[in-house]
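Input: a single structure, listed below in structure tokens.
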Amino acid sequence: WFILQYMSGFGNEHVSEDPRCPGALPEGQNNPQVCPYGLYAEQLSGSAFTCPRATNKRSWLYRILPSVCHKPFKPLEEGHLTHDWDEIEPDPNQLRWKPFEIPKAPQNKMDFVSGLHTLCGAGEPRGRNGIAVHIFVCNTSMIDRCLYNSDGDFLIVPQQGKLLITTEFGKMLVEPNEICVIQQGMRFSVEVFGETRGYILEVYGAHFELPDLGPIGANGLANPRDFLVPVAWYEDRQVPGGYTVISKYQGKLFAAQQDYSPYNVVAWHGNYTPYKYHLEKFMVINAVAFDHADPSIFTVLTAKTTRAGVALADFVIFPPRWGVANNTFRPPYYHRNCMSEFMGLIKGHYEAKEEGFQPGGGSLHSMMTPHGPDADCFEKASKAKLEPERVADGTMAFMFESSLSLAVTKWGLQTSNRLDKNYYKCWEPLKSHFNPKCK
């Protein structure tokens, strides 16, 4: 009977109940002495109780059994998931990775959890301040097991293969060119349909929000109405062989067994939910007279710090758009940044590096490490006839930008064997055009 449906709106107060149990939501209160249908009431808090109303996040879940019914957690081998930023010496170089390899099934079956690989990060979850960038590669679905992240929020960017994500709030289908956010504490399972790959931005200590628009006004960039939240769906399923609940806690994985499905939420209400967004919905703002605007105009979501205007992490995209600037070098300018910039490519060819930077790969330009267009791009853009042109058609590149100085893991620098050791050579052909006699 179930067809994927969604409610729209970013951060809205949503109300949802599975149509098989009409009236499952209690009327007029959160925690009645006896809930409809004999359900248990359980609150999931995404913020301190006393946070200001604008930032207060919580949802009430009405479930067949409360989530406390499980055996004790025991350590689980975490594979290539880590937050040990000191396992290898730091590397300030420009770094680029070839597409990360997806294991072949059935020789090496790997689901979403076992396919998590930490690439870089900073900070640590116990202090509630930090981020991590993970790559996921998988070829099989999570069966009778779910994951929840005690440390922070996952912003998931699928690059190859679609994800059918079951959560306590309902189901979401997330395809390449879409993103989803699974917030701290929410149980979820990922079903895949073949070889699957993507990127994850994890933030500790802050939630993602829409950036302030300032002089842009009330509308533009990612509009709140385009964010989608799943509708309630439950299964009353016993799992005598054992259902595994995996917790990511203080950077490590732990597993507990229970004999029922955790997706037993019949109804829920609140403003703390998983959500998804299609990147094609982004309303692009761009320079229409001269010069190249800063990439902050492409921010989809931001996780703020306590310092005004400084992000723990920004999620930025470079979507198809028009380039019309006069007397302007139109590709991204040469740049040294007080922020860290990790870039990935979902599809197509990135304008500043059409060769070498491939879908499913990535690059990291660390704090104050110079970067910019390769030599070929510079020569072409310097001589191009400046007329209105489509930029990035058929392409979607993105950036995870952070005010933290990111350390790369041993897996990223060595074990993955995907680091492009010739990346620096793309700038070697740049030559001096200086002529003191020619103004």
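Residues are named by chain letter and number: chains run A, B, ... in the order of the structure tokens, numbers start at 1 in each chain, and ligands are numbered from 1 in the order shown.
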Within 7 Å of Met283 in chain A using only C-alpha atoms, minus same-chain residues under 5 positions, as a PyMOL selection string: chain A and resi 220-222
Shell of 7 Å around range 115-122 of chain A, only C-alpha atoms, local chain residues under 3 positions omitted, as a ChimeraX atom specification: /A:80-82,85,110-112,130-138,404-409,411-412
Given only C-alpha atoms as the counted atoms, nearest of A:Ala256, A:Ala397, A:Ile102, A:Leu147 to Ile346 in chain A: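 Result for the nearest residue to Ile346 in chain A: A:Ala397.
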Long-range neighbours of range 187-189 of chain A as a list in words, 7 Å cut-off, only C-alpha atoms, 2 positions minimum in chain: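 So, after excluding close chain neighbours, the residues are Met142, Arg145, Cys146, Leu147, Tyr148, Ile165, Thr166, Thr167, Glu168, Gly185 and Glu191 of chain A.
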Backbone DSSP call of strand (DSSP E or B) for range 46-218 of chain A, listed as a ChimeraX atom specification: /A:58-63,74-76,80,95-97,116-124,129-138,145-149,153-160,163-167,170-174,178-182,188-191,196-204,209
File of the preceding selection, C-alpha atoms, as a PDB file, in the first residue's frame:
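Result saved to selection.pdb:
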```pdb
ATOM      1  CA  ARG A  58      12.471  17.972  19.367  1.00  0.00           C
ATOM      2  CA  SER A  59       9.999  15.421  18.071  1.00  0.00           C
ATOM      3  CA  TRP A  60       7.550  13.107  19.844  1.00  0.00           C
ATOM      4  CA  LEU A  61       7.386   9.534  18.545  1.00  0.00           C
ATOM      5  CA  TYR A  62       4.482   7.154  19.271  1.00  0.00           C
ATOM      6  CA  ARG A  63       5.805   3.629  18.943  1.00  0.00           C
ATOM      7  CA  LYS A  74      29.221  -4.044  22.699  1.00  0.00           C
ATOM      8  CA  PRO A  75      32.146  -2.709  20.634  1.00  0.00           C
ATOM      9  CA  LEU A  76      31.899  -3.313  16.880  1.00  0.00           C
ATOM     10  CA  HIS A  80      37.974   2.649   8.266  1.00  0.00           C
ATOM     11  CA  LEU A  95      45.390  16.932  -2.590  1.00  0.00           C
ATOM     12  CA  ARG A  96      43.234  15.252  -5.196  1.00  0.00           C
ATOM     13  CA  TRP A  97      41.758  11.752  -5.220  1.00  0.00           C
ATOM     14  CA  LEU A 116      32.133   4.095   5.644  1.00  0.00           C
ATOM     15  CA  HIS A 117      35.673   5.457   5.181  1.00  0.00           C
ATOM     16  CA  THR A 118      36.842   8.619   6.944  1.00  0.00           C
ATOM     17  CA  LEU A 119      38.859  10.876   4.644  1.00  0.00           C
ATOM     18  CA  CYS A 120      39.568  13.939   6.789  1.00  0.00           C
ATOM     19  CA  GLY A 121      38.296  15.949   9.722  1.00  0.00           C
ATOM     20  CA  ALA A 122      39.028  18.008  12.824  1.00  0.00           C
ATOM     21  CA  GLY A 123      37.782  18.369  16.373  1.00  0.00           C
ATOM     22  CA  GLU A 124      36.200  15.562  18.310  1.00  0.00           C
ATOM     23  CA  ASN A 129      32.852  20.736  18.128  1.00  0.00           C
ATOM     24  CA  GLY A 130      34.188  19.336  14.898  1.00  0.00           C
ATOM     25  CA  ILE A 131      33.514  17.820  11.515  1.00  0.00           C
ATOM     26  CA  ALA A 132      34.476  14.774   9.482  1.00  0.00           C
ATOM     27  CA  VAL A 133      34.304  13.988   5.777  1.00  0.00           C
ATOM     28  CA  HIS A 134      33.536  10.367   4.956  1.00  0.00           C
ATOM     29  CA  ILE A 135      33.309   8.430   1.696  1.00  0.00           C
ATOM     30  CA  PHE A 136      30.792   5.596   1.506  1.00  0.00           C
ATOM     31  CA  VAL A 137      31.076   2.739  -0.984  1.00  0.00           C
ATOM     32  CA  CYS A 138      28.673  -0.197  -0.839  1.00  0.00           C
ATOM     33  CA  ARG A 145      20.462  -3.642  11.109  1.00  0.00           C
ATOM     34  CA  CYS A 146      20.263   0.108  11.543  1.00  0.00           C
ATOM     35  CA  LEU A 147      22.637   2.925  12.454  1.00  0.00           C
ATOM     36  CA  TYR A 148      22.268   6.002  14.581  1.00  0.00           C
ATOM     37  CA  ASN A 149      24.874   8.693  15.101  1.00  0.00           C
ATOM     38  CA  ASP A 153      24.475  15.007  11.929  1.00  0.00           C
ATOM     39  CA  PHE A 154      25.156  13.244   8.613  1.00  0.00           C
ATOM     40  CA  LEU A 155      24.693  15.235   5.403  1.00  0.00           C
ATOM     41  CA  ILE A 156      24.687  12.495   2.740  1.00  0.00           C
ATOM     42  CA  VAL A 157      25.519  13.228  -0.919  1.00  0.00           C
ATOM     43  CA  PRO A 158      24.931  10.165  -3.153  1.00  0.00           C
ATOM     44  CA  GLN A 159      27.086  10.190  -6.284  1.00  0.00           C
ATOM     45  CA  GLN A 160      26.374   6.795  -7.884  1.00  0.00           C
ATOM     46  CA  LEU A 163      19.510   5.165  -1.629  1.00  0.00           C
ATOM     47  CA  LEU A 164      16.209   4.026  -0.163  1.00  0.00           C
ATOM     48  CA  ILE A 165      16.553   5.235   3.418  1.00  0.00           C
ATOM     49  CA  THR A 166      14.192   3.933   6.078  1.00  0.00           C
ATOM     50  CA  THR A 167      14.045   6.081   9.211  1.00  0.00           C
ATOM     51  CA  GLY A 170       9.343   7.189   7.405  1.00  0.00           C
ATOM     52  CA  LYS A 171      11.073   6.414   4.122  1.00  0.00           C
ATOM     53  CA  MET A 172      13.026   8.639   1.696  1.00  0.00           C
ATOM     54  CA  LEU A 173      14.373   7.840  -1.756  1.00  0.00           C
ATOM     55  CA  VAL A 174      17.557   9.845  -2.324  1.00  0.00           C
ATOM     56  CA  GLU A 178      19.763  15.024  -4.217  1.00  0.00           C
ATOM     57  CA  ILE A 179      21.044  15.239  -0.648  1.00  0.00           C
ATOM     58  CA  CYS A 180      19.602  14.180   2.674  1.00  0.00           C
ATOM     59  CA  VAL A 181      20.343  15.003   6.298  1.00  0.00           C
ATOM     60  CA  ILE A 182      19.973  12.417   9.058  1.00  0.00           C
ATOM     61  CA  PHE A 188      18.145   4.688   9.774  1.00  0.00           C
ATOM     62  CA  SER A 189      18.877   1.865   7.340  1.00  0.00           C
ATOM     63  CA  VAL A 190      20.079   2.173   3.742  1.00  0.00           C
ATOM     64  CA  GLU A 191      18.869  -0.037   0.906  1.00  0.00           C
ATOM     65  CA  THR A 196      26.757   2.727  -4.782  1.00  0.00           C
ATOM     66  CA  ARG A 197      29.059   5.579  -3.780  1.00  0.00           C
ATOM     67  CA  GLY A 198      28.846   8.995  -2.197  1.00  0.00           C
ATOM     68  CA  TYR A 199      30.118  11.565   0.269  1.00  0.00           C
ATOM     69  CA  ILE A 200      29.157  12.460   3.844  1.00  0.00           C
ATOM     70  CA  LEU A 201      29.717  15.659   5.788  1.00  0.00           C
ATOM     71  CA  GLU A 202      29.397  14.996   9.513  1.00  0.00           C
ATOM     72  CA  VAL A 203      29.131  17.868  11.996  1.00  0.00           C
ATOM     73  CA  TYR A 204      29.465  17.594  15.767  1.00  0.00           C
ATOM     74  CA  GLU A 209      20.315  25.508   8.812  1.00  0.00           C
TER      75      GLU A 209
END
```
d(CA of Gly46 in chain A, CA of Gly11 in chain A) in Å: 11.9 Å
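The closest residue to Phe357 in chain A, picked from A:Val34, A:Ala308, A:Ala375, A:Cys426 and counting only C-alpha atoms, is A:Cys426.
If you count only C-alpha atoms and ignore residues fewer than 2 places along the chain from Met367 in chain A, what sits within 6 Å of it is Asn337, Cys338, Met339, Ser340 and Thr369 of chain A.
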